[in-house]
file start_17.pdb (PDB, C-alpha atoms)
MODEL        1
ATOM      1  CA  MET A   9      88.628 111.637  91.543
ATOM      2  CA  ASN A  10      91.334 109.040  90.995
ATOM      3  CA  PRO A  11      92.046 107.318  94.354
ATOM      4  CA  ARG A  12      95.741 107.115  93.428
ATOM      5  CA  LEU A  13      95.918 110.905  93.492
ATOM      6  CA  GLU A  14      95.964 111.776  97.187
ATOM      7  CA  VAL A  15      97.048 115.230  96.045
ATOM      8  CA  CYS A  16      97.391 116.792  92.593
ATOM      9  CA  ALA A  17     100.182 119.348  92.981
ATOM     10  CA  LEU A  18     102.196 117.873  90.094
ATOM     11  CA  ILE A  19      99.405 117.626  87.517
ATOM     12  CA  LYS A  20     100.577 121.041  86.282
ATOM     13  CA  PHE A  21     103.649 119.322  84.830
ATOM     14  CA  GLU A  22     101.639 117.206  82.376
ATOM     15  CA  GLY A  23     102.869 118.043  78.888
ATOM     16  CA  SER A  24     106.278 119.232  80.074
ATOM     17  CA  GLU A  25     109.638 117.520  79.539
ATOM     18  CA  ILE A  26     112.049 116.098  82.080
ATOM     19  CA  ARG A  27     115.607 114.966  81.374
ATOM     20  CA  ILE A  28     116.656 111.769  83.120
ATOM     21  CA  GLY A  29     120.105 110.476  82.307
ATOM     22  CA  ASP A  30     120.679 111.030  78.604
ATOM     23  CA  HIS A  31     117.021 111.035  77.531
ATOM     24  CA  ASP A  32     114.180 113.545  77.600
ATOM     25  CA  TYR A  33     110.718 112.331  78.575
ATOM     26  CA  ILE A  34     107.390 114.063  77.961
ATOM     27  CA  LEU A  35     105.150 113.803  81.030
ATOM     28  CA  VAL A  36     101.883 112.686  79.438
ATOM     29  CA  SER A  37      99.660 111.921  82.421
ATOM     30  CA  LEU A  38      99.969 111.826  86.188
ATOM     31  CA  PHE A  39      99.110 108.288  87.319
ATOM     32  CA  SER A  40      99.625 108.622  91.069
ATOM     33  CA  GLU A  41     100.788 111.180  93.597
ATOM     34  CA  LYS A  42     101.104 111.188  97.361
ATOM     35  CA  VAL A  43     103.049 112.933 100.104
ATOM     36  CA  ASP A  44     105.235 110.868 102.425
ATOM     37  CA  ARG A  45     105.571 112.925 105.598
ATOM     38  CA  PHE A  46     107.974 110.400 107.107
ATOM     39  CA  PHE A  47     110.632 110.895 104.413
ATOM     40  CA  GLY A  48     109.625 114.414 103.418
ATOM     41  CA  GLU A  49     108.954 113.471  99.807
ATOM     42  CA  ARG A  50     106.239 114.047  97.271
ATOM     43  CA  ARG A  51     106.045 110.809  95.248
ATOM     44  CA  ALA A  52     104.581 110.711  91.778
ATOM     45  CA  VAL A  53     104.287 108.340  88.857
ATOM     46  CA  PHE A  54     103.798 109.711  85.359
ATOM     47  CA  TYR A  55     103.029 107.878  82.157
ATOM     48  CA  VAL A  56     105.463 109.379  79.659
ATOM     49  CA  ASN A  57     106.742 109.213  76.104
ATOM     50  CA  ARG A  58     110.441 109.274  75.376
ATOM     51  CA  ALA A  59     110.932 112.471  73.377
ATOM     52  CA  GLU A  60     113.292 111.060  70.738
ATOM     53  CA  ASP A  61     111.149 108.137  69.624
ATOM     54  CA  GLY A  62     107.759 108.406  71.376
ATOM     55  CA  LYS A  63     108.316 105.123  73.245
ATOM     56  CA  GLU A  64     105.878 104.745  76.141
ATOM     57  CA  ALA A  65     107.471 104.547  79.568
ATOM     58  CA  VAL A  66     106.843 105.267  83.237
ATOM     59  CA  VAL A  67     108.685 107.858  85.311
ATOM     60  CA  ASN A  68     108.775 107.493  89.079
ATOM     61  CA  LEU A  69     109.640 110.755  90.885
ATOM     62  CA  ARG A  70     110.453 111.473  94.522
ATOM     63  CA  LEU A  71     110.636 115.208  95.170
ATOM     64  CA  GLN A  72     112.230 116.551  98.329
ATOM     65  CA  LEU A  73     109.923 118.658 100.469
ATOM     66  CA  GLN A  74     110.834 121.297 103.026
ATOM     67  CA  SER A  75     111.295 120.076 106.602
ATOM     68  CA  MET A  76     107.966 121.566 107.744
ATOM     69  CA  TRP A  77     106.217 118.715 105.841
ATOM     70  CA  LEU A  78     107.763 116.009 108.016
ATOM     71  CA  TYR A  79     106.123 114.435 111.031
ATOM     72  CA  GLU A  80     109.484 114.825 112.803
ATOM     73  CA  PRO A  81     111.207 117.917 111.312
ATOM     74  CA  GLU A  82     114.115 117.602 113.741
ATOM     75  CA  SER A  83     115.089 114.326 112.003
ATOM     76  CA  TYR A  84     115.036 115.868 108.498
ATOM     77  CA  ALA A  85     118.658 115.089 107.527
ATOM     78  CA  GLU A  86     118.414 111.503 108.777
ATOM     79  CA  TYR A  87     115.232 110.815 106.799
ATOM     80  CA  GLN A  88     116.654 112.454 103.675
ATOM     81  CA  ASP A  89     119.691 110.144 103.853
ATOM     82  CA  TRP A  90     117.402 107.163 104.334
ATOM     83  CA  GLY A  91     115.286 108.224 101.339
ATOM     84  CA  LYS A  92     118.422 108.475  99.164
ATOM     85  CA  LYS A  93     119.398 104.939 100.162
ATOM     86  CA  ILE A  94     115.934 103.643  99.250
ATOM     87  CA  PHE A  95     116.220 105.348  95.848
ATOM     88  CA  GLN A  96     119.627 103.718  95.267
ATOM     89  CA  ASP A  97     118.177 100.342  96.318
ATOM     90  CA  GLU A  98     115.264 100.725  93.857
ATOM     91  CA  VAL A  99     117.671 101.464  91.010
ATOM     92  CA  ARG A 100     119.896  98.532  91.971
ATOM     93  CA  ALA A 101     116.902  96.201  92.216
ATOM     94  CA  LEU A 102     115.703  97.174  88.733
ATOM     95  CA  GLN A 103     119.221  96.591  87.383
ATOM     96  CA  LEU A 104     119.602  93.189  89.023
ATOM     97  CA  LEU A 105     116.062  91.980  88.313
ATOM     98  CA  GLU A 106     116.106  93.019  84.654
ATOM     99  CA  PRO A 107     116.533  89.431  83.402
ATOM    100  CA  LEU A 108     113.228  88.448  85.013
ATOM    101  CA  ARG A 109     110.091  88.424  82.940
ATOM    102  CA  GLY A 110     107.381  90.521  84.542
ATOM    103  CA  ILE A 111     109.682  93.254  85.903
ATOM    104  CA  PRO A 112     110.084  96.626  84.131
ATOM    105  CA  ASN A 113     113.378  97.428  82.424
ATOM    106  CA  LEU A 114     115.322 100.387  83.763
ATOM    107  CA  TYR A 115     115.860 103.045  81.083
ATOM    108  CA  ASN A 116     117.447 105.901  83.011
ATOM    109  CA  TYR A 117     117.774 107.308  86.505
ATOM    110  CA  GLY A 118     119.214 110.379  88.121
ATOM    111  CA  VAL A 119     119.098 112.944  90.860
ATOM    112  CA  LEU A 120     117.714 116.190  89.448
ATOM    113  CA  GLU A 121     117.257 119.643  90.961
ATOM    114  CA  GLN A 122     113.874 121.276  91.449
ATOM    115  CA  THR A 123     113.334 124.498  89.526
ATOM    116  CA  ASP A 124     111.319 127.611  90.344
ATOM    117  CA  GLY A 125     108.160 125.832  89.159
ATOM    118  CA  HIS A 126     108.461 123.288  91.998
ATOM    119  CA  GLU A 127     107.558 123.625  95.672
ATOM    120  CA  TYR A 128     111.162 123.529  96.884
ATOM    121  CA  PRO A 129     113.509 125.143  94.314
ATOM    122  CA  GLY A 130     116.978 123.681  94.760
ATOM    123  CA  GLY A 131     115.627 120.527  96.410
ATOM    124  CA  PHE A 132     116.368 117.178  94.837
ATOM    125  CA  ILE A 133     114.221 114.970  92.614
ATOM    126  CA  ASN A 134     115.078 111.282  92.548
ATOM    127  CA  ALA A 135     113.916 110.105  89.121
ATOM    128  CA  ILE A 136     113.627 106.661  87.540
ATOM    129  CA  ALA A 137     112.464 106.002  83.976
ATOM    130  CA  MET A 138     111.428 102.439  83.205
ATOM    131  CA  SER A 139     109.488 100.434  80.660
ATOM    132  CA  LYS A 140     105.712 100.644  80.821
ATOM    133  CA  MET A 141     104.147  97.275  81.362
ATOM    134  CA  PRO A 142     100.950  96.497  79.431
ATOM    135  CA  GLY A 143      97.702  96.366  81.348
ATOM    136  CA  LYS A 144      96.549  98.214  84.434
ATOM    137  CA  PRO A 145      96.696  97.673  88.196
ATOM    138  CA  ALA A 146      95.061  94.414  89.173
ATOM    139  CA  THR A 147      92.932  96.310  91.702
ATOM    140  CA  ASP A 148      91.169  98.031  88.783
ATOM    141  CA  TYR A 149      89.595  94.730  87.715
ATOM    142  CA  LEU A 150      86.577  94.464  89.964
ATOM    143  CA  ASP A 151      84.858  91.699  88.018
ATOM    144  CA  LEU A 152      87.485  88.929  87.887
ATOM    145  CA  SER A 153      86.105  85.442  88.292
ATOM    146  CA  ASP A 154      87.409  83.221  91.094
ATOM    147  CA  MET A 155      89.413  81.280  88.529
ATOM    148  CA  GLU A 156      90.974  84.449  87.085
ATOM    149  CA  GLY A 157      91.774  85.652  90.609
ATOM    150  CA  GLU A 158      93.506  82.367  91.439
ATOM    151  CA  CYS A 159      95.490  82.534  88.200
ATOM    152  CA  LEU A 160      96.541  86.094  89.035
ATOM    153  CA  ARG A 161      97.626  85.105  92.563
ATOM    154  CA  GLY A 162      99.651  82.204  91.169
ATOM    155  CA  LYS A 163     101.486  84.449  88.703
ATOM    156  CA  VAL A 164     102.212  87.017  91.416
ATOM    157  CA  ALA A 165     103.590  84.252  93.631
ATOM    158  CA  HIS A 166     105.810  83.116  90.729
ATOM    159  CA  ILE A 167     107.201  86.659  90.243
ATOM    160  CA  LEU A 168     107.862  86.987  93.975
ATOM    161  CA  GLU A 169     109.597  83.606  94.052
ATOM    162  CA  ASP A 170     111.829  84.610  91.112
ATOM    163  CA  ILE A 171     112.746  87.779  93.024
ATOM    164  CA  ARG A 172     113.450  85.776  96.195
ATOM    165  CA  LEU A 173     115.699  83.364  94.292
ATOM    166  CA  LEU A 174     117.834  86.354  93.309
ATOM    167  CA  SER A 175     118.139  87.191  97.036
ATOM    168  CA  TRP A 176     115.816  90.189  96.866
ATOM    169  CA  VAL A 177     112.655  90.861  98.820
ATOM    170  CA  LEU A 178     109.700  92.949  97.669
ATOM    171  CA  ASP A 179     108.695  94.827 100.798
ATOM    172  CA  ASP A 180     106.100  97.155  99.289
ATOM    173  CA  ASP A 181     102.729  95.479  99.708
ATOM    174  CA  ALA A 182     100.758  98.064  97.726
ATOM    175  CA  PRO A 183      98.236  96.129  95.602
ATOM    176  CA  ASP A 184      98.509  98.692  92.783
ATOM    177  CA  ASN A 185     102.060  97.447  92.181
ATOM    178  CA  ILE A 186     100.649  94.385  90.441
ATOM    179  CA  ILE A 187      99.834  95.130  86.793
ATOM    180  CA  TYR A 188      97.529  92.707  84.988
ATOM    181  CA  ASP A 189      96.948  92.569  81.247
ATOM    182  CA  PHE A 190      93.486  91.063  80.956
ATOM    183  CA  LEU A 191      93.816  90.229  77.246
ATOM    184  CA  THR A 192      97.060  88.265  77.537
ATOM    185  CA  ARG A 193      96.618  87.232  81.192
ATOM    186  CA  ALA A 194     100.170  88.498  81.826
ATOM    187  CA  VAL A 195     101.108  89.769  85.302
ATOM    188  CA  TYR A 196     103.860  92.244  86.155
ATOM    189  CA  GLY A 197     105.354  93.551  89.382
ATOM    190  CA  VAL A 198     106.176  97.277  89.359
ATOM    191  CA  SER A 199     106.773 100.219  91.655
ATOM    192  CA  GLN A 200     104.019 102.819  91.306
ATOM    193  CA  SER A 201     104.625 104.951  94.367
TER     194      SER A 201
ENDMDL
END
call {"tool": "encode", "arguments": {"input": "start_17.pdb", "output": "structure tokens"}}
result
Amino acid sequence: MNPRLEVCALIKFEGSEIRIGDHDYILVSLFSEKVDRFFGERRAVFYVNRAEDGKEAVVNLRLQLQSMWLYEPESYAEYQDWGKKIFQDEVRALQLLEPLRGIPNLYNYGVLEQTDGHEYPGGFINAIAMSKMPGKPATDYLDLSDMEGECLRGKVAHILEDIRLLSWVLDDDAPDNIIYDFLTRAVYGVSQS
């Protein structure tokens, strides 16, 4: 089983369409899924195709869960507000960092409503559609040489420095957020959670 799929509740949506902003996206394959019991969200990343032109993209979804999923259900409203702020910050970061090479371009974003096919009909879905970077997570390359590893670390440091110079900080230390294209040796920083 894919280690990025802590749970697979959303795999049933593969092949379906989702409208984000003014574009429809076909959910091709579920890349990652996990439940965040602190914020009461099911987080998923789908590889998608934009319906109108087939352009490959990535859709990052955060689906609201019922309060019983939280570690601290009595703080449900507070955590939901915090989660909304994080979503807004992610969108703003993608907008501001767009000029940087190695960062995905924001296509669309929006707050959607869960339907009867979801766990929590009427609950929100924070959705972001962005460009798909070539390659795969750097952690998938188990046979990199020391030299290739050093090159990769240097490129990641360069991306992080570019982000810092724009007065932003990347506070998600998940190693899967580094995408490496082995053929071109290009490195990208993305959000996959």
call {"tool": "atom_distance", "arguments": {"input": "start_17.pdb", "atom1": "atom CA of A:Ser24", "atom2": "atom CA of A:Lys63"}}
result
15.8 Å
call {"tool": "closest_residue", "arguments": {"input": "start_17.pdb", "among": "A:Ala146, A:Leu160, A:Met138, A:Ile34", "to": "A:Ala59", "atoms": "only C-alpha atoms"}}
result
A:Ile34
call {"tool": "resolve_selection", "arguments": {"input": "start_17.pdb", "expression": "the PyMOL selection byres ((chain A and resi 92-107) around 9)", "output": "list in words"}}
result
Arg70, Tyr87, Gln88, Asp89, Trp90, Gly91, Leu108, Arg109, Ile111, Pro112, Asn113, Leu114, Tyr117, Asn134, Ala135, Ile136, Met138, Asp170, Ile171, Leu174, Trp176 and Ser199 of chain A
call {"tool": "closest_residue", "arguments": {"input": "start_17.pdb", "among": "A:Arg45, A:Leu38, A:Gly143, A:Leu73", "to": "A:His126", "atoms": "only C-alpha atoms"}}
result
A:Leu73
call {"tool": "closest_residue", "arguments": {"input": "start_17.pdb", "among": "A:Arg58, A:Val67, A:Arg27, A:Gln74", "to": "A:Tyr128", "atoms": "only C-alpha atoms"}}
result
A:Gln74
call {"tool": "closest_residue", "arguments": {"input": "start_17.pdb", "among": "A:Asp124, A:Asp32, A:Glu80, A:Glu25", "to": "A:Asp44", "atoms": "all atoms listed in the file"}}
result
A:Glu80
call {"tool": "closest_residue", "arguments": {"input": "start_17.pdb", "among": "A:Pro129, A:Phe47, A:Asp30, A:Phe21", "to": "A:Glu86", "atoms": "all atoms listed in the file"}}
result
A:Phe47
call {"tool": "residues_around", "arguments": {"input": "start_17.pdb", "residues": "A:Ala52", "least_positions_apart": "3", "cutoff": "8 Å", "atoms": "all atoms listed in the file", "output": "PDB file with C-alpha atoms, in the frame of the given file"}}
result
ATOM      1  CA  LEU A  18     102.196 117.873  90.094  1.00  0.00           C
ATOM      2  CA  LEU A  38      99.969 111.826  86.188  1.00  0.00           C
ATOM      3  CA  PHE A  39      99.110 108.288  87.319  1.00  0.00           C
ATOM      4  CA  SER A  40      99.625 108.622  91.069  1.00  0.00           C
ATOM      5  CA  GLU A  41     100.788 111.180  93.597  1.00  0.00           C
ATOM      6  CA  LYS A  42     101.104 111.188  97.361  1.00  0.00           C
ATOM      7  CA  ASN A  68     108.775 107.493  89.079  1.00  0.00           C
ATOM      8  CA  LEU A  69     109.640 110.755  90.885  1.00  0.00           C
ATOM      9  CA  ARG A  70     110.453 111.473  94.522  1.00  0.00           C
ATOM     10  CA  GLN A 200     104.019 102.819  91.306  1.00  0.00           C
ATOM     11  CA  SER A 201     104.625 104.951  94.367  1.00  0.00           C
TER      12      SER A 201
END
call {"tool": "atom_distance", "arguments": {"input": "start_17.pdb", "atom1": "atom CA of A:Lys140", "atom2": "atom CA of A:Tyr115"}}
result
10.4 Å
call {"tool": "closest_residue", "arguments": {"input": "start_17.pdb", "among": "A:Phe132, A:Ser139, A:Glu60, A:Ser83", "to": "A:His31", "atoms": "all atoms listed in the file"}}
result
A:Glu60
call {"tool": "axis_aligned_box", "arguments": {"input": "start_17.pdb", "around": "stretch 120-129 of chain A", "padding_each_side": "6 Å", "output": "AutoDock Vina command-line options"}}
result
--center_x 112.6 --center_y 121.9 --center_z 93.0 --size_x 22.2 --size_y 23.4 --size_z 19.7
call {"tool": "atom_distance", "arguments": {"input": "start_17.pdb", "atom1": "atom CA of A:Asp61", "atom2": "atom CA of A:Ile19"}}
result
23.4 Å
call {"tool": "residues_around", "arguments": {"input": "start_17.pdb", "residues": "A:Gly23", "least_positions_apart": "6", "cutoff": "8 Å", "atoms": "all atoms listed in the file", "output": "VMD selection string"}}
result
chain A and resid 34 to 37
call {"tool": "write_last_selection", "arguments": {"input": "start_17.pdb", "atoms": "C-alpha atoms", "output": "PDB file, keeping the file's coordinate frame"}}
result
ATOM      1  CA  ILE A  34     107.390 114.063  77.961  1.00  0.00           C
ATOM      2  CA  LEU A  35     105.150 113.803  81.030  1.00  0.00           C
ATOM      3  CA  VAL A  36     101.883 112.686  79.438  1.00  0.00           C
ATOM      4  CA  SER A  37      99.660 111.921  82.421  1.00  0.00           C
TER       5      SER A  37
END
